[in-house]
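Engineer: Handing over final_36.txt, compact mmCIF, C-alpha atoms and all ligand atoms.
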```
# COMPACT_ATOMS: atom_id res chain seq x y z
CA MET A 1 -2.65 2.47 -28.01
CA THR A 2 0.60 0.51 -28.27
CA ILE A 3 3.57 1.64 -26.23
CA THR A 4 7.25 0.98 -26.77
CA PRO A 5 9.32 -1.05 -24.28
CA THR A 6 11.08 2.16 -23.20
CA GLN A 7 7.77 3.91 -22.57
CA PHE A 8 6.59 0.87 -20.62
CA HIS A 9 9.74 0.84 -18.49
CA ASP A 10 9.42 4.57 -17.74
CA LEU A 11 5.72 4.22 -16.88
CA MET A 12 6.44 1.29 -14.55
CA LEU A 13 9.05 3.34 -12.69
CA ARG A 14 6.77 6.36 -12.47
CA ARG A 15 3.79 4.35 -11.24
CA ARG A 16 5.87 2.48 -8.74
CA SER A 17 7.13 5.74 -7.30
CA GLU A 18 3.58 7.17 -7.16
CA ILE A 19 2.34 4.01 -5.42
CA GLU A 20 5.18 4.13 -2.88
CA ASN A 21 4.45 7.80 -2.13
CA ALA A 22 0.78 7.00 -1.63
CA LEU A 23 1.67 4.07 0.67
CA ASP A 24 3.94 6.36 2.65
CA GLN A 25 1.07 8.84 3.09
CA ALA A 26 -1.45 6.16 4.00
CA LEU A 27 0.60 4.37 6.66
CA PRO A 28 0.66 5.83 10.17
CA THR A 29 4.01 7.51 10.86
CA ALA A 30 6.62 5.35 12.60
CA ASP A 31 6.40 7.40 15.80
CA THR A 32 2.63 6.92 16.15
CA PRO A 33 2.06 5.06 19.45
CA PRO A 34 2.85 2.24 19.80
CA PRO A 35 5.96 2.93 17.67
CA GLN A 36 7.06 -0.71 17.55
CA LEU A 37 3.86 -1.66 15.72
CA HIS A 38 3.94 1.26 13.30
CA GLU A 39 7.65 0.89 12.57
CA ALA A 40 7.08 -2.80 11.86
CA MET A 41 4.15 -2.02 9.54
CA ARG A 42 6.40 0.32 7.60
CA HIS A 43 9.24 -2.22 7.61
CA SER A 44 6.99 -4.78 5.93
CA VAL A 45 5.21 -2.55 3.43
CA GLN A 46 8.14 -0.35 2.51
CA ALA A 47 10.71 -3.12 2.09
CA GLY A 48 10.08 -3.08 -1.67
CA GLY A 49 8.24 -5.60 -3.75
CA LYS A 50 7.05 -5.36 -7.31
CA ARG A 51 3.83 -3.49 -6.42
CA LEU A 52 2.10 -5.66 -8.99
CA ARG A 53 -1.40 -5.56 -7.53
CA PRO A 54 -1.63 -1.77 -7.12
CA THR A 55 -0.17 -1.39 -10.61
CA LEU A 56 -2.96 -3.65 -11.90
CA VAL A 57 -5.59 -1.48 -10.19
CA LEU A 58 -4.20 1.60 -11.96
CA ALA A 59 -3.83 -0.19 -15.31
CA ALA A 60 -7.41 -1.51 -15.24
CA HIS A 61 -8.75 1.95 -14.40
CA GLU A 62 -6.79 3.34 -17.33
CA LEU A 63 -8.57 1.06 -19.82
CA PHE A 64 -11.59 3.36 -19.76
CA PRO A 65 -10.41 6.12 -17.42
CA SER A 66 -12.73 8.24 -15.29
CA PRO A 67 -11.95 11.31 -13.17
CA ARG A 68 -12.00 9.06 -10.06
CA ASN A 69 -8.73 8.53 -8.21
CA PRO A 70 -7.85 4.80 -8.24
CA MET A 71 -4.78 5.25 -6.00
CA PRO A 72 -6.44 4.71 -2.58
CA ALA A 73 -7.91 1.43 -3.85
CA ALA A 74 -4.47 0.46 -5.17
CA VAL A 75 -2.97 1.19 -1.74
CA ALA A 76 -5.70 -0.82 0.01
CA VAL A 77 -4.91 -3.88 -2.12
CA GLU A 78 -1.18 -3.60 -1.38
CA CYS A 79 -1.98 -3.43 2.36
CA ILE A 80 -3.86 -6.74 2.08
CA HIS A 81 -1.09 -8.32 0.02
CA SER A 82 1.60 -7.16 2.48
CA TYR A 83 -0.39 -8.49 5.45
CA SER A 84 -0.72 -11.88 3.73
CA LEU A 85 3.06 -12.02 3.18
CA VAL A 86 3.80 -11.11 6.82
CA HIS A 87 1.49 -13.85 8.08
CA ASP A 88 2.62 -16.36 5.43
CA ASP A 89 6.23 -15.91 6.61
CA LEU A 90 5.41 -16.69 10.26
CA PRO A 91 6.94 -19.83 11.83
CA ALA A 92 3.48 -21.42 12.01
CA MET A 93 3.10 -21.06 8.24
CA ASP A 94 6.03 -20.94 5.78
CA ASP A 95 8.62 -20.07 8.43
CA SER A 96 10.63 -17.73 6.16
CA THR A 97 13.42 -15.43 7.23
CA LEU A 98 13.81 -13.31 4.08
CA ARG A 99 11.16 -11.28 2.26
CA ARG A 100 11.57 -8.47 -0.24
CA GLY A 101 15.32 -8.60 0.40
CA GLN A 102 14.85 -7.85 4.12
CA PRO A 103 14.50 -9.94 7.27
CA THR A 104 10.85 -10.98 7.60
CA CYS A 105 8.73 -9.08 10.10
CA HIS A 106 8.88 -11.70 12.87
CA VAL A 107 12.68 -11.90 12.48
CA ALA A 108 13.21 -8.12 12.49
CA TYR A 109 10.74 -7.72 15.41
CA ASP A 110 9.03 -10.73 16.98
CA GLU A 111 6.15 -13.08 16.26
CA ALA A 112 3.52 -11.21 18.25
CA THR A 113 4.41 -7.96 16.49
CA ALA A 114 4.24 -9.65 13.08
CA ILE A 115 0.77 -11.04 13.85
CA LEU A 116 -0.40 -7.57 14.90
CA VAL A 117 1.20 -5.96 11.82
CA GLY A 118 -0.88 -8.29 9.64
CA ASP A 119 -4.03 -7.49 11.62
CA ALA A 120 -3.36 -3.76 11.36
CA LEU A 121 -2.68 -3.80 7.60
CA LEU A 122 -5.81 -5.83 6.94
CA THR A 123 -7.90 -3.36 8.92
CA LEU A 124 -6.21 -0.32 7.40
CA ALA A 125 -7.13 -1.49 3.88
CA PHE A 126 -10.85 -1.15 4.61
CA GLN A 127 -10.41 2.11 6.51
CA ILE A 128 -8.73 3.53 3.38
CA LEU A 129 -11.62 2.44 1.15
CA ALA A 130 -14.20 3.88 3.56
CA ASP A 131 -12.34 7.18 3.97
CA SER A 132 -11.33 7.73 0.36
CA TYR A 133 -14.57 6.95 -1.45
CA HIS A 134 -17.14 8.14 1.10
CA ASP A 135 -18.45 10.70 -1.43
CA GLU A 136 -19.55 7.76 -3.59
CA PRO A 137 -21.05 5.26 -1.12
CA THR A 138 -22.12 2.80 -3.83
CA LEU A 139 -18.59 2.64 -5.21
CA SER A 140 -17.09 2.44 -1.72
CA VAL A 141 -19.29 -0.54 -0.87
CA ALA A 142 -18.61 -2.21 -4.23
CA LEU A 143 -14.83 -1.91 -3.74
CA SER A 144 -15.05 -3.23 -0.17
CA ARG A 145 -17.18 -6.11 -1.35
CA VAL A 146 -14.73 -7.15 -4.05
CA LEU A 147 -11.70 -6.84 -1.77
CA SER A 148 -13.24 -8.52 1.28
CA LYS A 149 -14.46 -11.45 -0.83
CA ALA A 150 -11.02 -11.94 -2.41
CA ALA A 151 -9.24 -11.68 0.95
CA GLY A 152 -11.78 -13.78 2.84
CA SER A 153 -12.08 -17.37 4.00
CA ALA A 154 -13.44 -18.67 0.68
CA GLN A 155 -10.54 -17.19 -1.31
CA LEU A 156 -7.13 -15.97 -0.02
CA ILE A 157 -7.39 -17.31 3.53
CA GLY A 158 -9.11 -20.55 2.46
CA GLY A 159 -6.44 -21.11 -0.23
CA GLN A 160 -3.75 -20.65 2.41
CA MET A 161 -5.52 -23.09 4.76
CA ASP A 162 -5.75 -25.78 2.07
CA ASP A 163 -2.15 -25.11 1.07
CA LEU A 164 -1.03 -25.80 4.64
CA LEU A 165 -3.26 -28.89 4.90
CA ALA A 166 -1.92 -30.26 1.60
CA GLU A 167 1.72 -30.07 2.73
CA ASN A 168 3.44 -33.45 2.72
CA ASP A 169 0.46 -35.06 0.98
CA PRO A 170 2.02 -38.10 -0.75
CA ASP A 171 -0.71 -38.16 -3.42
CA PRO A 172 -1.69 -34.56 -4.17
CA ASP A 173 -4.83 -33.93 -6.19
CA PRO A 174 -4.09 -31.69 -9.24
CA ASP A 175 -7.58 -30.16 -9.05
CA LEU A 176 -6.97 -29.17 -5.44
CA LEU A 177 -3.63 -27.67 -6.44
CA ALA A 178 -5.33 -25.58 -9.15
CA SER A 179 -8.01 -24.52 -6.68
CA ILE A 180 -5.40 -23.49 -4.09
CA HIS A 181 -3.63 -21.38 -6.69
CA SER A 182 -6.79 -19.69 -7.86
CA ARG A 183 -7.69 -18.75 -4.27
CA LYS A 184 -4.27 -18.07 -2.72
CA THR A 185 -2.77 -16.16 -5.64
CA ALA A 186 -5.24 -15.38 -8.42
CA ALA A 187 -8.08 -14.04 -6.21
CA LEU A 188 -6.22 -10.87 -5.22
CA ILE A 189 -4.95 -10.34 -8.77
CA ILE A 190 -8.51 -10.68 -10.11
CA ALA A 191 -9.81 -8.31 -7.40
CA SER A 192 -7.13 -5.70 -8.26
CA LEU A 193 -8.21 -5.69 -11.90
CA GLU A 194 -11.89 -5.67 -11.03
CA MET A 195 -11.49 -2.75 -8.60
CA GLY A 196 -9.63 -0.71 -11.22
CA ALA A 197 -12.26 -1.56 -13.84
CA LEU A 198 -15.13 -0.69 -11.45
CA MET A 199 -13.74 2.82 -11.03
CA GLY A 200 -13.47 3.38 -14.79
CA GLU A 201 -16.12 4.60 -17.21
CA ARG A 202 -17.31 1.05 -17.90
CA GLY A 203 -17.57 0.11 -14.24
CA ASN A 204 -21.30 -0.57 -14.55
CA ASP A 205 -20.92 -2.82 -17.60
CA GLU A 206 -21.26 -6.36 -16.24
CA GLU A 207 -19.91 -7.99 -19.38
CA PHE A 208 -16.79 -5.85 -19.25
CA ILE A 209 -16.27 -6.66 -15.56
CA ALA A 210 -16.68 -10.38 -16.28
CA LEU A 211 -14.09 -10.17 -19.09
CA THR A 212 -11.74 -8.32 -16.76
CA ARG A 213 -12.10 -11.02 -14.09
CA ASN A 214 -11.53 -13.69 -16.71
CA MET A 215 -8.27 -12.05 -17.76
CA GLY A 216 -7.30 -11.85 -14.07
CA LEU A 217 -7.76 -15.58 -13.61
CA SER A 218 -5.39 -16.39 -16.50
CA LEU A 219 -2.90 -13.82 -15.24
CA GLY A 220 -3.12 -15.15 -11.68
CA GLN A 221 -2.53 -18.71 -12.89
CA ALA A 222 0.41 -17.56 -15.01
CA PHE A 223 1.82 -15.63 -12.05
CA GLN A 224 1.65 -18.67 -9.76
CA ALA A 225 3.19 -20.98 -12.39
CA ILE A 226 6.11 -18.56 -12.81
CA ASP A 227 6.41 -18.26 -9.02
CA ASP A 228 6.75 -22.04 -8.76
CA VAL A 229 9.33 -22.13 -11.57
CA LEU A 230 11.33 -19.32 -9.96
CA ASP A 231 11.13 -20.95 -6.53
CA ALA A 232 12.68 -24.07 -8.02
CA THR A 233 15.31 -22.39 -10.18
CA ALA A 234 16.28 -18.96 -8.82
CA LEU A 235 18.52 -17.97 -5.93
CA SER A 236 17.25 -16.27 -2.78
CA ASP A 237 19.31 -13.14 -3.61
CA GLN A 238 17.55 -12.81 -6.94
CA LEU A 239 14.08 -13.33 -5.45
CA GLY A 240 14.61 -11.29 -2.29
CA LYS A 241 12.89 -14.12 -0.41
CA SER A 242 13.90 -17.59 0.68
CA ALA A 243 14.10 -19.71 -2.50
CA ASP A 244 13.37 -23.43 -2.78
CA GLN A 245 10.91 -23.10 0.11
CA ASP A 246 8.50 -25.42 -1.62
CA GLY A 247 10.59 -28.45 -2.55
CA PRO A 248 12.34 -29.46 0.68
CA GLY A 249 9.31 -28.61 2.86
CA GLY A 250 7.22 -31.12 0.92
CA LYS A 251 4.90 -28.51 -0.56
CA CYS A 252 3.17 -29.55 -3.77
CA THR A 253 3.72 -27.07 -6.60
CA LEU A 254 3.30 -27.16 -10.37
CA VAL A 255 7.01 -28.03 -10.57
CA THR A 256 6.94 -30.86 -8.03
CA TYR A 257 3.72 -32.21 -9.58
CA HIS A 258 4.31 -31.77 -13.33
CA GLY A 259 8.07 -31.15 -13.56
CA LEU A 260 9.92 -27.98 -14.53
CA GLU A 261 9.35 -28.04 -18.29
CA GLU A 262 5.60 -28.60 -18.01
CA ALA A 263 5.34 -25.85 -15.37
CA LYS A 264 7.12 -23.48 -17.80
CA ARG A 265 4.74 -24.52 -20.58
CA ILE A 266 1.72 -23.84 -18.35
CA ALA A 267 3.14 -20.42 -17.45
CA ALA A 268 3.60 -19.52 -21.13
CA GLN A 269 0.12 -20.79 -22.06
CA ARG A 270 -1.63 -18.88 -19.27
CA THR A 271 0.32 -15.73 -20.17
CA GLU A 272 -0.88 -16.02 -23.78
CA GLU A 273 -4.48 -16.51 -22.57
CA ALA A 274 -4.20 -13.40 -20.38
CA LYS A 275 -2.84 -11.37 -23.32
CA GLU A 276 -5.65 -12.57 -25.56
CA ALA A 277 -8.25 -11.66 -22.90
CA CYS A 278 -6.59 -8.26 -22.46
CA ARG A 279 -6.87 -7.48 -26.17
CA LYS A 280 -10.59 -8.34 -26.03
CA LEU A 281 -11.14 -5.73 -23.33
CA GLY A 282 -10.51 -2.92 -25.82
CA GLY A 283 -9.88 0.53 -24.38
CA ASP A 284 -6.37 1.77 -23.70
CA HIS A 285 -4.80 -1.61 -23.00
CA GLY A 286 -1.26 -0.96 -24.27
CA PHE A 287 0.30 -0.71 -20.81
CA LEU A 288 -1.63 -3.67 -19.40
CA LEU A 289 -0.64 -5.86 -22.33
CA GLN A 290 3.05 -5.07 -21.83
CA LEU A 291 2.66 -5.63 -18.09
CA ILE A 292 1.32 -9.15 -18.71
CA GLU A 293 4.21 -9.82 -21.08
CA TRP A 294 6.74 -8.48 -18.57
CA LEU A 295 5.29 -10.71 -15.85
CA GLY A 296 5.60 -13.68 -18.19
CA SER A 297 9.34 -13.17 -18.45
CA ARG A 298 10.06 -11.94 -14.91
CA ASP A 299 13.07 -13.26 -13.03
CA HIS A 300 12.08 -12.24 -9.48
C1 LIG B 1 -1.55 -15.69 5.29
C2 LIG B 1 -3.97 -15.36 4.62
C3 LIG B 1 -2.59 -15.63 4.23
C4 LIG B 1 -2.33 -15.82 2.95
C5 LIG B 1 -0.99 -16.02 2.43
C6 LIG B 1 0.71 -14.55 0.12
C7 LIG B 1 0.31 -15.91 0.41
C8 LIG B 1 -1.05 -16.21 0.94
C9 LIG B 1 1.20 -16.86 0.28
C10 LIG B 1 2.59 -16.57 -0.16
C11 LIG B 1 3.11 -17.77 -0.79
C12 LIG B 1 3.22 -17.62 -2.24
C13 LIG B 1 4.57 -17.83 -2.80
C14 LIG B 1 2.20 -17.33 -3.00
C15 LIG B 1 2.35 -17.25 -4.44
C16 LIG B 1 2.16 -15.93 -5.08
C17 LIG B 1 2.58 -14.80 -4.29
C18 LIG B 1 1.52 -14.19 -3.46
C19 LIG B 1 3.82 -14.32 -4.38
C20 LIG B 1 4.27 -13.09 -3.72
O1 LIG B 1 3.80 -11.99 -4.46
P1 LIG B 1 4.79 -11.01 -5.24
O2 LIG B 1 5.82 -11.79 -6.00
O3 LIG B 1 5.50 -10.31 -4.01
O4 LIG B 1 3.98 -10.04 -6.02
P2 LIG B 1 6.10 -8.83 -3.91
O5 LIG B 1 7.05 -8.92 -2.74
O6 LIG B 1 6.81 -8.50 -5.21
O7 LIG B 1 4.95 -7.93 -3.62
```
Step by step, read the file and then write its structure as structure tokens.
Ligand code: GRG
Structural biologist:
Amino acid sequence: MTITPTQFHDLMLRRRSEIENALDQALPTADTPPPQLHEAMRHSVQAGGKRLRPTLVLAAHELFPSPRNPMPAAVAVECIHSYSLVHDDLPAMDDSTLRRGQPTCHVAYDEATAILVGDALLTLAFQILADSYHDEPTLSVALSRVLSKAAGSAQLIGGQMDDLLAENDPDPDPDLLASIHSRKTAALIIASLEMGALMGERGNDEEFIALTRNMGLSLGQAFQAIDDVLDATALSDQLGKSADQDGPGGKCTLVTYHGLEEAKRIAAQRTEEAKEACRKLGGDHGFLLQLIEWLGSRDH
């Protein structure tokens, strides 16, 4: 079913608000002992953000919807994403002071608290999956498997490690750069789509799941290319995070490696590939298709 831009905009707002309500319910209240930790968790998760990954979980479930509730899985993915941002901003990593338009967690609180916030969000994600899908143990295990693999040392964490090791490399390897992007950025995007698809009516169809993951890889690559372009061209105010973090720090990006125009071309090409893959999925893909298009033209 195709949807108009106005319908897409309204749906995005509605879903975002539903996701934020669910996050609010899932996070321990700020006065839960120790309050400093729980306030800081809320500071980091509730600062805003596009809520892309949870939106992808919901959109993939909607392709072939089932009576299952995809929201807890969507919340679990956002917990992992938020933890990775808190840790990425730490002085030992990207050393950033602004995130989602707010002071980063270690600036608003302190480094030890920010480390513990990341630990707590990572743990909470799997508690949510275990609690919310315990009536369907096979599904619960499948969701935990997909998310733990994407967040683990071979994917998200390994991509971050190689990203740090590659900093200031005078002769960066383009294959390593692509591999870092597919692990650091695309893995969680792929997992979000796969988790949504697993909960839908075609969750047991291996070919469908493989197609969904394939679309996620193109979307993840497009997302990273646009992130690199925005980092090089946008202002911190617009991004809500410290801009031009990559250039001066000596980090290799698609822009520093290929130049701005080629990075833009890669972003557009990957976006087209993701749209093509989305159409092949069939089902009710109208919202997902517009979401991919919107991400291709995002300015923050
Ligand atoms: C610390 C294990 C660990 C991993 C960190 C998140 C991350 C990996 C690195 C952040 C650096 C970066 C710019 C990655 C590129 C893509 C990315 C994850 C951007 C941030 O995601 P958005 O734009 O953020 O969806 P919001 O705030 O909108 O949720």
Engineer: Report, in Å with one decimal, the straight-line distance from CA of Asn214 (chain A) to CA of His300 (chain A).
Structural biologist: 24.7 Å
Engineer: If you count all atoms listed in the file, which residues end up within 6 Å of ligand LIG 1 (chain B), as a list of chain:residue names?
Structural biologist: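 Listed by chain and ascending number, the contacts are A:Gly49, A:Lys50, A:Arg51, A:Leu52, A:Ser84, A:Leu85, A:His87, A:Asp88, A:Arg100, A:Leu156, A:Ile157, A:Gln160, A:Lys184, A:Thr185, A:Gln224.
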Engineer: Which distance in Å separates CA of Glu207 (chain A) and CA of Asp131 (chain A), to one decimal?
Structural biologist: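 Computing it gives 28.9 Å between the two atoms.
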Engineer: Considering only C-alpha atoms, return as a short mmCIF file (atom, residue, chain, number, x, y, z; two decimals) with C-alpha atoms, keeping the file's coordinate frame whatever protein or nucleic-acid residues lie within 9 Å of Gly220 (chain A), sequence-local ones (same chain, fewer than 3 positions apart) excluded.
Structural biologist:
```
data_model
loop_
_atom_site.label_atom_id
_atom_site.label_comp_id
_atom_site.auth_asym_id
_atom_site.auth_seq_id
_atom_site.Cartn_x
_atom_site.Cartn_y
_atom_site.Cartn_z
CA HIS A 181 -3.63 -21.38 -6.69
CA SER A 182 -6.79 -19.69 -7.86
CA THR A 185 -2.77 -16.16 -5.64
CA ALA A 186 -5.24 -15.38 -8.42
CA ALA A 187 -8.08 -14.04 -6.21
CA LEU A 188 -6.22 -10.87 -5.22
CA ILE A 189 -4.95 -10.34 -8.77
CA ILE A 190 -8.51 -10.68 -10.11
CA MET A 215 -8.27 -12.05 -17.76
CA GLY A 216 -7.30 -11.85 -14.07
CA LEU A 217 -7.76 -15.58 -13.61
CA PHE A 223 1.82 -15.63 -12.05
CA GLN A 224 1.65 -18.67 -9.76
CA ALA A 225 3.19 -20.98 -12.39
CA ARG A 270 -1.63 -18.88 -19.27
CA ALA A 274 -4.20 -13.40 -20.38
#
```
Engineer: Counting all atoms listed in the file, find the residues whose atoms lie at most 12 Å from (6.6, -18.6, 8.3) (file coordinates) and write them out as a PyMOL selection string.
Structural biologist: chain A and resi 84-99+103-107+110-111+114-115+164+241-242+245+249
